[in-house]
>>> print(open('target.tsv').read())   # TSV, C-alpha atoms and all ligand atoms
chain	number	residue	atom	x	y	z
W	880	MET	CA	95.23	120.49	68.69
W	881	GLU	CA	93.17	118.27	70.98
W	882	LEU	CA	91.97	114.70	71.27
W	883	GLU	CA	89.53	112.72	73.34
W	884	ILE	CA	90.26	109.18	74.43
W	885	THR	CA	88.81	106.57	76.78
W	886	GLN	CA	89.96	107.29	80.33
W	887	PRO	CA	93.36	105.60	80.85
W	888	ASP	CA	94.56	103.30	83.65
W	889	ASP	CA	97.99	103.12	85.23
W	890	TRP	CA	99.17	99.51	85.27
W	891	HIS	CA	102.13	100.14	87.61
W	892	LEU	CA	101.87	102.64	90.45
W	893	HIS	CA	103.40	103.24	93.88
W	894	LEU	CA	100.91	104.93	96.20
W	895	ARG	CA	102.82	104.48	99.50
W	896	ASP	CA	100.70	105.08	102.61
W	897	GLY	CA	99.77	107.73	105.21
W	898	GLU	CA	99.73	111.43	104.32
W	899	LEU	CA	101.96	110.95	101.28
W	900	MET	CA	99.41	108.54	99.84
W	901	LYS	CA	96.62	111.13	100.05
W	902	THR	CA	98.48	113.58	97.82
W	903	VAL	CA	99.84	111.10	95.29
W	904	LEU	CA	96.48	109.37	95.07
W	905	ALA	CA	94.75	112.66	94.26
W	906	HIS	CA	97.28	113.31	91.49
W	907	THR	CA	96.71	109.91	89.92
W	908	ALA	CA	92.93	109.98	90.26
W	909	GLN	CA	92.75	113.30	88.38
W	910	THR	CA	93.36	111.36	85.19
W	911	PHE	CA	93.42	107.61	85.71
W	912	GLY	CA	90.37	105.42	86.33
W	913	ARG	CA	92.25	102.52	87.89
W	914	ALA	CA	95.78	101.55	88.82
W	915	ILE	CA	97.72	98.43	89.69
W	916	ILE	CA	99.03	99.24	93.16
W	917	MET	CA	102.53	98.03	93.98
W	918	PRO	CA	102.84	96.07	97.24
W	919	ASN	CA	106.34	97.27	98.28
W	920	LEU	CA	105.38	99.17	101.40
W	921	LYS	CA	107.89	99.16	104.27
W	922	THR	CA	105.97	96.13	105.49
W	923	PRO	CA	105.27	94.44	102.18
W	924	ILE	CA	101.73	93.37	101.31
W	925	THR	CA	102.06	89.59	101.25
W	926	THR	CA	98.55	88.38	102.09
W	927	VAL	CA	95.10	88.98	100.66
W	928	LYS	CA	94.00	90.20	104.07
W	929	GLN	CA	96.72	92.88	104.10
W	930	ALA	CA	95.86	93.84	100.52
W	931	GLN	CA	92.19	94.24	101.43
W	932	HIS	CA	93.14	96.43	104.38
W	933	TYR	CA	95.39	98.57	102.14
W	934	TYR	CA	92.55	98.75	99.60
W	935	GLN	CA	90.22	100.13	102.30
W	936	GLN	CA	92.85	102.70	103.32
W	937	ILE	CA	93.18	103.85	99.72
W	938	LYS	CA	89.42	104.11	99.27
W	939	ALA	CA	89.15	106.09	102.52
W	940	ALA	CA	91.89	108.49	101.38
W	941	LEU	CA	90.04	109.41	98.18
W	942	ALA	CA	88.15	112.69	98.00
W	943	SER	CA	84.41	112.02	98.12
W	944	ASP	CA	83.80	113.24	94.57
W	945	THR	CA	86.59	111.09	93.04
W	946	ILE	CA	85.99	107.77	91.38
W	947	PHE	CA	89.09	105.58	91.29
W	948	GLU	CA	89.59	101.86	91.62
W	949	PRO	CA	92.82	100.48	93.13
W	950	LEU	CA	93.74	97.04	91.76
W	951	MET	CA	95.76	95.31	94.43
W	952	THR	CA	98.80	93.03	94.18
W	953	LEU	CA	100.63	90.69	96.54
W	954	TYR	CA	104.38	90.72	97.08
W	955	LEU	CA	105.97	87.36	96.28
W	956	THR	CA	108.41	86.01	98.87
W	957	GLU	CA	110.18	82.68	99.16
W	958	SER	CA	107.71	81.75	101.88
W	959	SER	CA	104.56	82.80	100.02
W	960	ASN	CA	101.85	80.26	100.69
W	961	ALA	CA	99.74	78.82	97.87
W	962	LYS	CA	96.61	79.27	99.95
W	963	GLU	CA	96.92	83.00	99.22
W	964	LEU	CA	96.36	82.16	95.57
W	965	THR	CA	93.03	80.53	96.32
W	966	ALA	CA	92.18	83.65	98.31
W	967	ILE	CA	93.19	85.86	95.36
W	968	ALA	CA	90.99	83.83	93.02
W	969	LYS	CA	88.05	84.48	95.38
W	970	SER	CA	88.83	88.15	96.09
W	971	THR	CA	87.56	91.05	94.02
W	972	GLU	CA	90.38	93.41	95.04
W	973	VAL	CA	93.58	91.49	94.23
W	974	LYS	CA	94.60	91.09	90.58
W	975	ALA	CA	98.19	89.90	90.47
W	976	VAL	CA	101.39	88.87	92.27
W	977	LYS	CA	104.59	90.92	92.05
W	978	TYR	CA	108.05	89.42	91.82
W	979	TYR	CA	110.99	91.52	93.04
W	980	PRO	CA	114.46	90.04	93.07
W	981	ALA	CA	115.69	90.56	96.65
W	982	GLY	CA	117.63	93.82	96.89
W	983	ALA	CA	116.73	95.04	93.38
W	984	THR	CA	115.00	98.25	94.39
W	985	THR	CA	113.15	100.23	97.10
W	986	ASN	CA	111.76	97.98	99.87
W	987	SER	CA	112.69	94.75	98.12
W	988	ASP	CA	114.60	93.04	100.94
W	989	SER	CA	111.81	90.48	101.32
W	990	GLY	CA	111.98	89.66	97.62
W	991	VAL	CA	112.99	86.38	96.03
W	992	ARG	CA	116.64	85.27	96.07
W	993	ASN	CA	116.20	82.11	94.07
W	994	LEU	CA	113.42	82.23	91.48
W	995	GLU	CA	113.27	78.46	91.09
W	996	LYS	CA	112.43	78.12	94.74
W	997	VAL	CA	109.04	79.74	94.03
W	998	TYR	CA	108.32	77.68	90.89
W	999	PRO	CA	105.73	75.52	92.73
W	1000	PHE	CA	103.89	78.72	93.69
W	1001	ILE	CA	104.14	80.04	90.13
W	1002	GLU	CA	102.81	76.74	88.82
W	1003	GLN	CA	99.68	77.32	90.91
W	1004	MET	CA	99.42	80.87	89.55
W	1005	GLU	CA	99.50	79.47	86.04
W	1006	LYS	CA	96.69	77.01	86.91
W	1007	LEU	CA	94.55	79.74	88.47
W	1008	ASP	CA	95.43	82.21	85.67
W	1009	ILE	CA	96.75	84.86	88.07
W	1010	PRO	CA	99.19	87.26	86.36
W	1011	LEU	CA	102.80	87.49	87.55
W	1012	LEU	CA	104.26	91.02	87.44
W	1013	VAL	CA	108.01	90.89	87.06
W	1014	HIS	CA	110.67	93.38	88.07
W	1015	GLY	CA	112.99	92.05	85.40
W	1016	GLU	CA	116.50	92.79	86.63
W	1017	VAL	CA	119.26	90.67	88.08
W	1018	VAL	CA	121.01	92.12	91.10
W	1019	ASP	CA	124.32	90.25	91.02
W	1020	SER	CA	127.03	92.72	91.96
W	1021	ASP	CA	129.24	91.65	89.05
W	1022	ILE	CA	126.62	92.62	86.45
W	1023	ASP	CA	126.78	96.14	85.05
W	1024	VAL	CA	123.75	98.15	86.19
W	1025	PHE	CA	122.89	98.98	82.55
W	1026	ASP	CA	122.83	95.26	81.65
W	1027	ARG	CA	120.61	94.05	84.47
W	1028	GLU	CA	117.50	93.75	82.30
W	1029	LYS	CA	119.11	91.91	79.40
W	1030	VAL	CA	120.82	89.45	81.74
W	1031	PHE	CA	117.49	88.84	83.49
W	1032	ILE	CA	115.90	87.86	80.15
W	1033	ASP	CA	118.72	85.47	79.29
W	1034	LYS	CA	119.13	83.95	82.74
W	1035	HIS	CA	115.58	83.82	84.09
W	1036	LEU	CA	112.78	85.04	81.86
W	1037	ILE	CA	113.29	82.65	78.93
W	1038	LYS	CA	113.28	79.76	81.37
W	1039	LEU	CA	110.19	81.02	83.18
W	1040	VAL	CA	108.20	81.44	79.97
W	1041	THR	CA	109.25	78.02	78.70
W	1042	GLN	CA	108.39	76.32	81.98
W	1043	PHE	CA	105.00	78.05	82.33
W	1044	PRO	CA	103.69	78.72	78.82
W	1045	SER	CA	100.16	79.58	79.95
W	1046	LEU	CA	101.24	81.96	82.72
W	1047	ARG	CA	100.30	85.59	82.11
W	1048	ILE	CA	103.38	87.71	82.74
W	1049	VAL	CA	103.79	91.48	82.74
W	1050	PHE	CA	107.42	92.43	82.20
W	1051	GLU	CA	107.32	95.66	84.16
W	1052	HIS	CA	108.83	99.01	83.13
W	1053	ILE	CA	110.87	97.69	80.21
W	1054	THR	CA	113.83	99.83	79.20
W	1055	THR	CA	115.75	98.02	76.48
W	1056	GLN	CA	115.57	96.97	72.86
W	1057	ASP	CA	116.14	93.42	74.12
W	1058	ALA	CA	113.05	93.52	76.33
W	1059	ALA	CA	110.86	95.07	73.60
W	1060	GLN	CA	112.04	92.41	71.17
W	1061	PHE	CA	111.46	89.63	73.69
W	1062	VAL	CA	107.85	90.72	74.27
W	1063	LYS	CA	107.16	91.14	70.55
W	1064	SER	CA	108.34	87.65	69.81
W	1065	SER	CA	106.48	86.04	72.74
W	1066	SER	CA	102.91	84.78	72.92
W	1067	SER	CA	99.99	87.03	73.86
W	1068	LYS	CA	100.43	85.82	77.46
W	1069	ILE	CA	103.46	88.10	77.78
W	1070	ALA	CA	103.00	91.86	78.03
W	1071	ALA	CA	105.05	94.83	79.17
W	1072	THR	CA	104.49	98.21	80.77
W	1073	ILE	CA	106.43	101.29	79.70
W	1074	THR	CA	107.05	104.43	81.78
W	1075	PRO	CA	107.01	108.04	80.55
W	1076	GLN	CA	110.57	108.65	81.73
W	1077	HIS	CA	111.95	105.77	79.68
W	1078	MET	CA	110.09	107.05	76.60
W	1079	LEU	CA	111.34	110.62	76.95
W	1080	MET	CA	114.81	110.40	78.46
W	1081	ASN	CA	118.01	108.53	77.85
W	1082	ARG	CA	120.84	108.11	80.34
W	1083	ASN	CA	122.40	111.46	79.45
W	1084	GLU	CA	119.57	113.03	81.46
W	1085	LEU	CA	121.11	111.60	84.62
W	1086	PHE	CA	124.14	113.82	84.12
W	1087	ARG	CA	123.00	116.88	82.13
W	1088	ASP	CA	124.49	120.02	83.76
W	1089	GLY	CA	125.47	117.93	86.79
W	1090	ILE	CA	124.12	114.79	88.43
W	1091	ASN	CA	120.33	114.78	88.70
W	1092	PRO	CA	118.92	112.49	91.40
W	1093	HIS	CA	115.35	113.22	90.28
W	1094	HIS	CA	116.06	111.27	87.10
W	1095	TYR	CA	117.29	108.24	89.01
W	1096	CYS	CA	114.94	105.28	88.94
W	1097	LEU	CA	115.20	101.54	88.54
W	1098	PRO	CA	115.54	100.14	86.01
W	1099	ILE	CA	117.97	102.97	85.29
W	1100	LEU	CA	117.62	105.13	82.15
W	1101	LYS	CA	119.38	103.54	79.18
W	1102	ARG	CA	121.23	104.70	76.07
W	1103	GLU	CA	119.40	106.34	73.15
W	1104	LYS	CA	119.00	103.25	70.96
W	1105	HIS	CA	117.08	101.55	73.77
W	1106	ARG	CA	114.87	104.59	74.32
W	1107	GLN	CA	114.02	104.57	70.63
W	1108	ALA	CA	113.19	100.87	70.71
W	1109	ILE	CA	110.72	101.19	73.57
W	1110	VAL	CA	109.14	104.31	72.01
W	1111	GLU	CA	108.65	102.32	68.85
W	1112	ALA	CA	107.10	99.43	70.81
W	1113	ALA	CA	104.71	101.70	72.74
W	1114	CYS	CA	103.64	103.55	69.59
W	1115	SER	CA	103.30	100.43	67.45
W	1116	GLY	CA	99.74	99.64	68.52
W	1117	ASN	CA	100.92	96.13	69.53
W	1118	ARG	CA	98.44	94.91	72.17
W	1119	SER	CA	101.21	93.59	74.41
W	1120	PHE	CA	102.48	97.04	75.39
W	1121	PHE	CA	100.65	99.31	77.79
W	1122	LEU	CA	100.95	102.22	80.14
W	1123	GLY	CA	102.55	101.85	83.58
W	1124	THR	CA	104.02	105.02	85.04
W	1125	ASP	CA	106.04	103.45	87.87
W	1126	SER	CA	105.45	106.80	89.56
W	1127	ALA	CA	107.42	106.25	92.78
W	1128	PRO	CA	107.51	109.18	95.20
W	1129	HIS	CA	110.37	109.75	97.64
W	1130	PHE	CA	110.79	112.96	99.61
W	1131	LYS	CA	113.38	115.47	98.48
W	1132	LEU	CA	115.72	114.66	101.37
W	1133	SER	CA	115.84	110.99	100.38
W	1134	LYS	CA	116.44	111.85	96.72
W	1135	GLU	CA	119.03	114.61	97.20
W	1136	SER	CA	121.27	112.56	99.42
W	1137	SER	CA	124.70	110.94	99.36
W	1138	CYS	CA	122.82	107.66	98.88
W	1139	GLY	CA	119.69	108.73	97.06
W	1140	CYS	CA	116.62	106.52	96.60
W	1141	ALA	CA	115.53	105.22	93.21
W	1142	GLY	CA	112.14	106.42	92.00
W	1143	ILE	CA	110.70	109.17	89.82
W	1144	TYR	CA	107.50	110.95	90.81
W	1145	SER	CA	105.50	111.48	87.61
W	1146	ALA	CA	101.85	111.10	88.70
W	1147	PRO	CA	100.78	114.77	88.34
W	1148	ILE	CA	101.93	114.98	84.71
W	1149	ALA	CA	102.04	111.39	83.55
W	1150	MET	CA	99.45	111.66	80.75
W	1151	ALA	CA	100.98	114.94	79.58
W	1152	LEU	CA	104.31	113.16	79.21
W	1153	TYR	CA	102.89	110.17	77.36
W	1154	ALA	CA	101.01	112.49	74.99
W	1155	GLU	CA	104.26	114.35	74.35
W	1156	ALA	CA	106.12	111.12	73.63
W	1157	PHE	CA	103.44	109.89	71.21
W	1158	ASP	CA	103.19	113.34	69.59
W	1159	ASN	CA	106.98	113.40	69.06
W	1160	GLN	CA	106.55	110.12	67.20
W	1161	ASN	CA	103.52	111.36	65.20
W	1162	SER	CA	101.59	108.51	66.77
W	1163	LEU	CA	98.85	110.19	68.78
W	1164	ASP	CA	96.39	107.87	67.03
W	1165	LYS	CA	97.99	104.98	68.94
W	1166	LEU	CA	97.87	106.62	72.37
W	1167	GLU	CA	94.42	105.35	73.30
W	1168	ALA	CA	95.31	101.70	72.67
W	1169	PHE	CA	98.45	102.00	74.80
W	1170	ALA	CA	96.91	104.04	77.62
W	1171	SER	CA	93.31	102.87	77.82
W	1172	LEU	CA	92.66	99.61	75.95
W	1173	ASN	CA	95.58	97.16	75.92
W	1174	GLY	CA	96.06	96.92	79.69
W	1175	ALA	CA	92.38	96.42	80.47
W	1176	ASN	CA	92.18	93.75	77.77
W	1177	PHE	CA	95.24	91.94	79.11
W	1178	TYR	CA	93.85	91.92	82.65
W	1179	GLY	CA	90.39	90.91	81.36
W	1180	LEU	CA	88.67	94.03	82.69
W	1181	GLU	CA	86.03	96.30	81.14
W	1182	LEU	CA	87.21	99.53	79.56
W	1183	ASN	CA	86.54	102.73	81.49
W	1184	GLU	CA	83.33	104.44	80.48
W	1185	LYS	CA	84.59	107.98	80.96
W	1186	LYS	CA	86.71	109.95	78.50
W	1187	ILE	CA	89.58	112.35	78.95
W	1188	ARG	CA	90.47	115.29	76.75
W	1189	LEU	CA	94.09	116.14	75.91
W	1190	VAL	CA	94.72	119.68	74.73
W	1191	LYS	CA	98.06	120.80	73.31
W	1192	GLN	CA	98.74	123.77	75.53
W	1193	ASP	CA	101.84	124.62	77.56
W	1194	PHE	CA	101.75	124.72	81.34
W	1195	GLN	CA	104.33	124.92	84.07
W	1196	VAL	CA	104.85	121.93	86.35
W	1197	GLU	CA	104.77	122.57	90.13
W	1198	LYS	CA	108.23	123.03	91.62
W	1199	SER	CA	107.35	120.88	94.61
W	1200	TYR	CA	104.52	119.63	96.78
W	1201	LEU	CA	104.65	120.20	100.53
W	1202	ILE	CA	103.49	117.18	102.52
W	1203	GLU	CA	103.77	117.35	106.31
W	1204	LYS	CA	106.73	119.76	106.07
W	1205	GLN	CA	108.55	117.63	103.52
W	1206	ASP	CA	109.04	118.47	99.85
W	1207	LEU	CA	108.11	116.09	97.09
W	1208	ILE	CA	109.67	117.01	93.74
W	1209	PRO	CA	107.84	115.88	90.62
W	1210	LEU	CA	109.49	115.04	87.34
W	1211	ARG	CA	109.98	118.22	85.22
W	1212	ALA	CA	109.62	120.38	88.34
W	1213	GLY	CA	109.28	124.06	87.37
W	1214	LYS	CA	109.60	123.24	83.69
W	1215	THR	CA	107.10	123.11	80.85
W	1216	CYS	CA	104.71	120.37	79.76
W	1217	HIS	CA	102.83	120.64	76.49
W	1218	TRP	CA	99.63	118.67	76.95
W	1219	ARG	CA	96.86	119.53	79.38
W	1220	THR	CA	94.64	116.68	80.47
W	1221	GLU	CA	91.11	116.88	81.81
W	1222	LEU	CA	88.32	114.44	82.56
W	1223	VAL	CA	85.42	115.04	80.22
U	1	LIG	C1	110.35	102.01	93.01
U	1	LIG	C2	110.02	102.53	94.41
U	1	LIG	O1	110.55	103.56	94.81
U	1	LIG	O2	109.20	101.90	95.10
U	1	LIG	N1	111.51	102.70	92.50
U	1	LIG	C3	111.86	102.83	91.21
U	1	LIG	O3	112.93	103.36	90.94
U	1	LIG	N2	111.08	102.43	90.23
U	1	LIG	C4	110.52	100.53	93.06
U	1	LIG	C5	110.49	99.88	91.70
U	1	LIG	O4	109.45	99.81	91.05
U	1	LIG	O5	111.54	99.40	91.28
U	2	ZN	ZN	107.75	100.25	90.43
>>> encode(input="target.tsv", output="structure tokens")
Amino acid sequence: MELEITQPDDWHLHLRDGELMKTVLAHTAQTFGRAIIMPNLKTPITTVKQAQHYYQQIKAALASDTIFEPLMTLYLTESSNAKELTAIAKSTEVKAVKYYPAGATTNSDSGVRNLEKVYPFIEQMEKLDIPLLVHGEVVDSDIDVFDREKVFIDKHLIKLVTQFPSLRIVFEHITTQDAAQFVKSSSSKIAATITPQHMLMNRNELFRDGINPHHYCLPILKREKHRQAIVEAACSGNRSFFLGTDSAPHFKLSKESSCGCAGIYSAPIAMALYAEAFDNQNSLDKLEAFASLNGANFYGLELNEKKIRLVKQDFQVEKSYLIEKQDLIPLRAGKTCHWRTELV
């Protein structure tokens, strides 16, 4: 079996920087035409100037025969200045602003502690029609880690959407029935990205045959009924759901540690995994909308002109990638994937 679809884009990607970036960028650019690049570097990207510099670094790290367009984002902090928004509106490189609750995930210390404090900034975003990308989890220590997303909807997201009805929001990497339902019942201004790991795995995969740090990401994997709900949303053809891998590389030593980092590295096999998830659901006819059309339409960008071919054929995933003497372990390392992807 095979199918050809418009080349997809990744609407949520961590590229990092330095040598690591070169490898992970090559993996992404094998398949994806563009990607929304997360700004959570060790020194977060908070200004358009920094984003333009990072953009140049990414472009310079690309192999000369590879066409790939990074779509940059700024990291929202409580001291973000509205003049950056005017600069975004004028820039060609920067497409959105990312909200991380402080302490929610990797490199999020500079994130926002009190969302209402940045409402004046968000009001300007709404006026300038700049999308807000939301890491939708609360971080309060008394909230169960599996409930962080639902509590975020109830405590913050409903209020945000009511206060700023024209603001375009991407609810990033949704993992629950509650989030899928929220997006479905919202206006077309509200969209969501969905990762391959949340479509294919439930929380049992964190503990199968012993604890598996390579399945640990944030938001954390959820129970089966939630997995089913987001699979259904992704495969429904609803224009508000689109592809965002949240591929987030950390070296093996940081993953296999007494205090392991959150993040799953899926870039080399991301399209293979999505194809598998859609195939499992007998919904391959909906894959193109999810992977290649809905995101571009939401962001108001042209579709990619190229096509990719997906061929149902088993292959073995690399066990690890060696980068400057450090191992990077991809999702499914050493195991089998069922869909080969190639640029046509
Ligand atoms: C991401 C990372 O490592 O940068 N980790 C993750 O588990 N997804 C941060 C994020 O997107 O939350
Ligand atoms: Zn992420």
>>> axis_aligned_box(input="target.tsv", around="region 1181-1192 of chain W", padding_each_side="3 Å", output="JSON")
{"center_x": 91.0, "center_y": 110.0, "center_z": 77.4, "size_x": 21.4, "size_y": 33.5, "size_z": 14.2}
>>> closest_residue(input="target.tsv", among="W:Arg1118, W:His1105, W:Lys969, W:Arg895", to="Lys1165 (chain W)", atoms="all atoms listed in the file")
W:Arg1118
>>> closest_residue(input="target.tsv", among="W:Ile1090, W:Val976, W:Val1018, W:Leu899", to="Phe1031 (chain W)", atoms="only C-alpha atoms")
W:Val1018
>>> closest_residue(input="target.tsv", among="W:Leu1182, W:Ala930, W:Ile1099, W:Leu994", to="ligand ZN 2 (chain U)", atoms="only C-alpha atoms and all ligand atoms")
W:Ile1099
>>> closest_residue(input="target.tsv", among="W:Asp1158, W:Glu881, W:Glu957, W:Glu1016", to="Gly990 (chain W)", atoms="only C-alpha atoms")
W:Glu957
>>> residues_around(input="target.tsv", residues="Ala905 (chain W)", least_positions_apart="3", cutoff="8 Å", atoms="all atoms listed in the file", output="list in words")
Lys901, Thr902, Ala908, Gln909, Leu941 and Ala942 of chain W
>>> closest_residue(input="target.tsv", among="W:Ile1009, W:Leu904, W:Leu1046, W:Met1004", to="Glu948 (chain W)", atoms="all atoms listed in the file")
W:Leu904
>>> atom_distance(input="target.tsv", atom1="CA of Gln1205 (chain W)", atom2="CA of Lys1131 (chain W)")
7.3 Å
>>> atom_distance(input="target.tsv", atom1="CA of Ala975 (chain W)", atom2="CA of Thr952 (chain W)")
4.9 Å
>>> closest_residue(input="target.tsv", among="W:Leu1132, W:Val1110, W:Glu1197, W:Asn993", to="Ala1059 (chain W)", atoms="all atoms listed in the file")
W:Val1110
>>> atom_distance(input="target.tsv", atom1="CA of Ser1126 (chain W)", atom2="CA of Ala1141 (chain W)")
10.8 Å
>>> residues_near_point(input="target.tsv", point="(89.0, 87.6, 100.3)", cutoff="10 Å", atoms="all atoms listed in the file", output="list in words")
Thr926, Val927, Lys928, Ala930, Gln931, Glu963, Thr965, Ala966, Ile967, Ala968, Lys969, Ser970, Thr971, Glu972 and Val973 of chain W
>>> residues_near_ligand(input="target.tsv", ligand="ligand ZN 2 (chain U)", cutoff="8 Å", atoms="all atoms listed in the file", output="compact mmCIF listing (two decimals) with C-alpha atoms, keeping the file's coordinate frame")
# COMPACT_ATOMS: atom_id res chain seq x y z
CA HIS W 891 102.13 100.14 87.61
CA LEU W 892 101.87 102.64 90.45
CA HIS W 893 103.40 103.24 93.88
CA MET W 917 102.53 98.03 93.98
CA HIS W 1014 110.67 93.38 88.07
CA GLU W 1051 107.32 95.66 84.16
CA HIS W 1052 108.83 99.01 83.13
CA LEU W 1097 115.20 101.54 88.54
CA ASP W 1125 106.04 103.45 87.87
CA SER W 1126 105.45 106.80 89.56
CA ALA W 1127 107.42 106.25 92.78
CA GLY W 1142 112.14 106.42 92.00
>>> residues_around(input="target.tsv", residues="Leu1100 (chain W)", least_positions_apart="6", cutoff="12 Å", atoms="only C-alpha atoms", output="PyMOL selection string")
chain W and resi 1024-1028+1052-1055+1074-1086+1091-1094+1106+1109+1141-1143
>>> build_atoms(input="target.tsv", residues="region 946-953 of chain W", atoms="all heavy atoms", output="short mmCIF file (atom, residue, chain, number, x, y, z; two decimals), keeping the file's coordinate frame")
data_model
loop_
_atom_site.label_atom_id
_atom_site.label_comp_id
_atom_site.auth_asym_id
_atom_site.auth_seq_id
_atom_site.Cartn_x
_atom_site.Cartn_y
_atom_site.Cartn_z
N ILE W 946 86.20 109.19 91.63
CA ILE W 946 85.99 107.77 91.38
C ILE W 946 87.32 107.18 90.91
O ILE W 946 87.91 107.65 89.93
CB ILE W 946 84.92 107.55 90.29
CG1 ILE W 946 83.61 108.20 90.73
CG2 ILE W 946 84.72 106.05 90.03
CD1 ILE W 946 82.56 108.25 89.65
N PHE W 947 87.81 106.20 91.64
CA PHE W 947 89.09 105.58 91.29
C PHE W 947 89.11 104.19 91.89
O PHE W 947 88.69 104.00 93.02
CB PHE W 947 90.24 106.42 91.87
CG PHE W 947 91.60 105.79 91.69
CD1 PHE W 947 92.26 105.88 90.48
CD2 PHE W 947 92.20 105.10 92.74
CE1 PHE W 947 93.50 105.28 90.31
CE2 PHE W 947 93.45 104.51 92.58
CZ PHE W 947 94.09 104.61 91.36
N GLU W 948 89.59 103.24 91.13
CA GLU W 948 89.59 101.86 91.62
C GLU W 948 91.02 101.34 91.74
O GLU W 948 91.73 101.18 90.73
CB GLU W 948 88.78 100.99 90.65
CG GLU W 948 88.42 99.62 91.15
CD GLU W 948 87.64 99.58 92.48
OE1 GLU W 948 87.06 100.62 92.88
OE2 GLU W 948 87.65 98.52 93.12
N PRO W 949 91.50 101.09 92.97
CA PRO W 949 92.82 100.48 93.13
C PRO W 949 92.75 98.97 92.86
O PRO W 949 91.85 98.30 93.35
CB PRO W 949 93.16 100.74 94.60
CG PRO W 949 91.89 101.10 95.28
CD PRO W 949 90.84 101.37 94.25
N LEU W 950 93.67 98.47 92.08
CA LEU W 950 93.74 97.04 91.76
C LEU W 950 94.96 96.51 92.51
O LEU W 950 96.10 96.91 92.23
CB LEU W 950 93.89 96.85 90.25
CG LEU W 950 92.86 97.60 89.39
CD1 LEU W 950 93.25 97.53 87.91
CD2 LEU W 950 91.46 97.06 89.60
N MET W 951 94.72 95.65 93.48
CA MET W 951 95.76 95.31 94.43
C MET W 951 96.65 94.15 93.95
O MET W 951 96.23 93.32 93.13
CB MET W 951 95.14 94.95 95.79
CG MET W 951 94.13 95.96 96.30
SD MET W 951 94.71 97.67 96.27
CE MET W 951 95.97 97.62 97.54
N THR W 952 97.85 94.10 94.51
CA THR W 952 98.80 93.03 94.18
C THR W 952 99.43 92.49 95.47
O THR W 952 99.48 93.21 96.47
CB THR W 952 99.94 93.55 93.28
OG1 THR W 952 100.64 94.59 93.98
CG2 THR W 952 99.42 94.11 91.97
N LEU W 953 99.89 91.26 95.41
CA LEU W 953 100.63 90.69 96.54
C LEU W 953 102.11 90.62 96.18
O LEU W 953 102.47 90.41 95.02
CB LEU W 953 100.16 89.28 96.88
CG LEU W 953 98.75 89.07 97.38
CD1 LEU W 953 98.65 87.67 98.03
CD2 LEU W 953 98.30 90.13 98.35
#
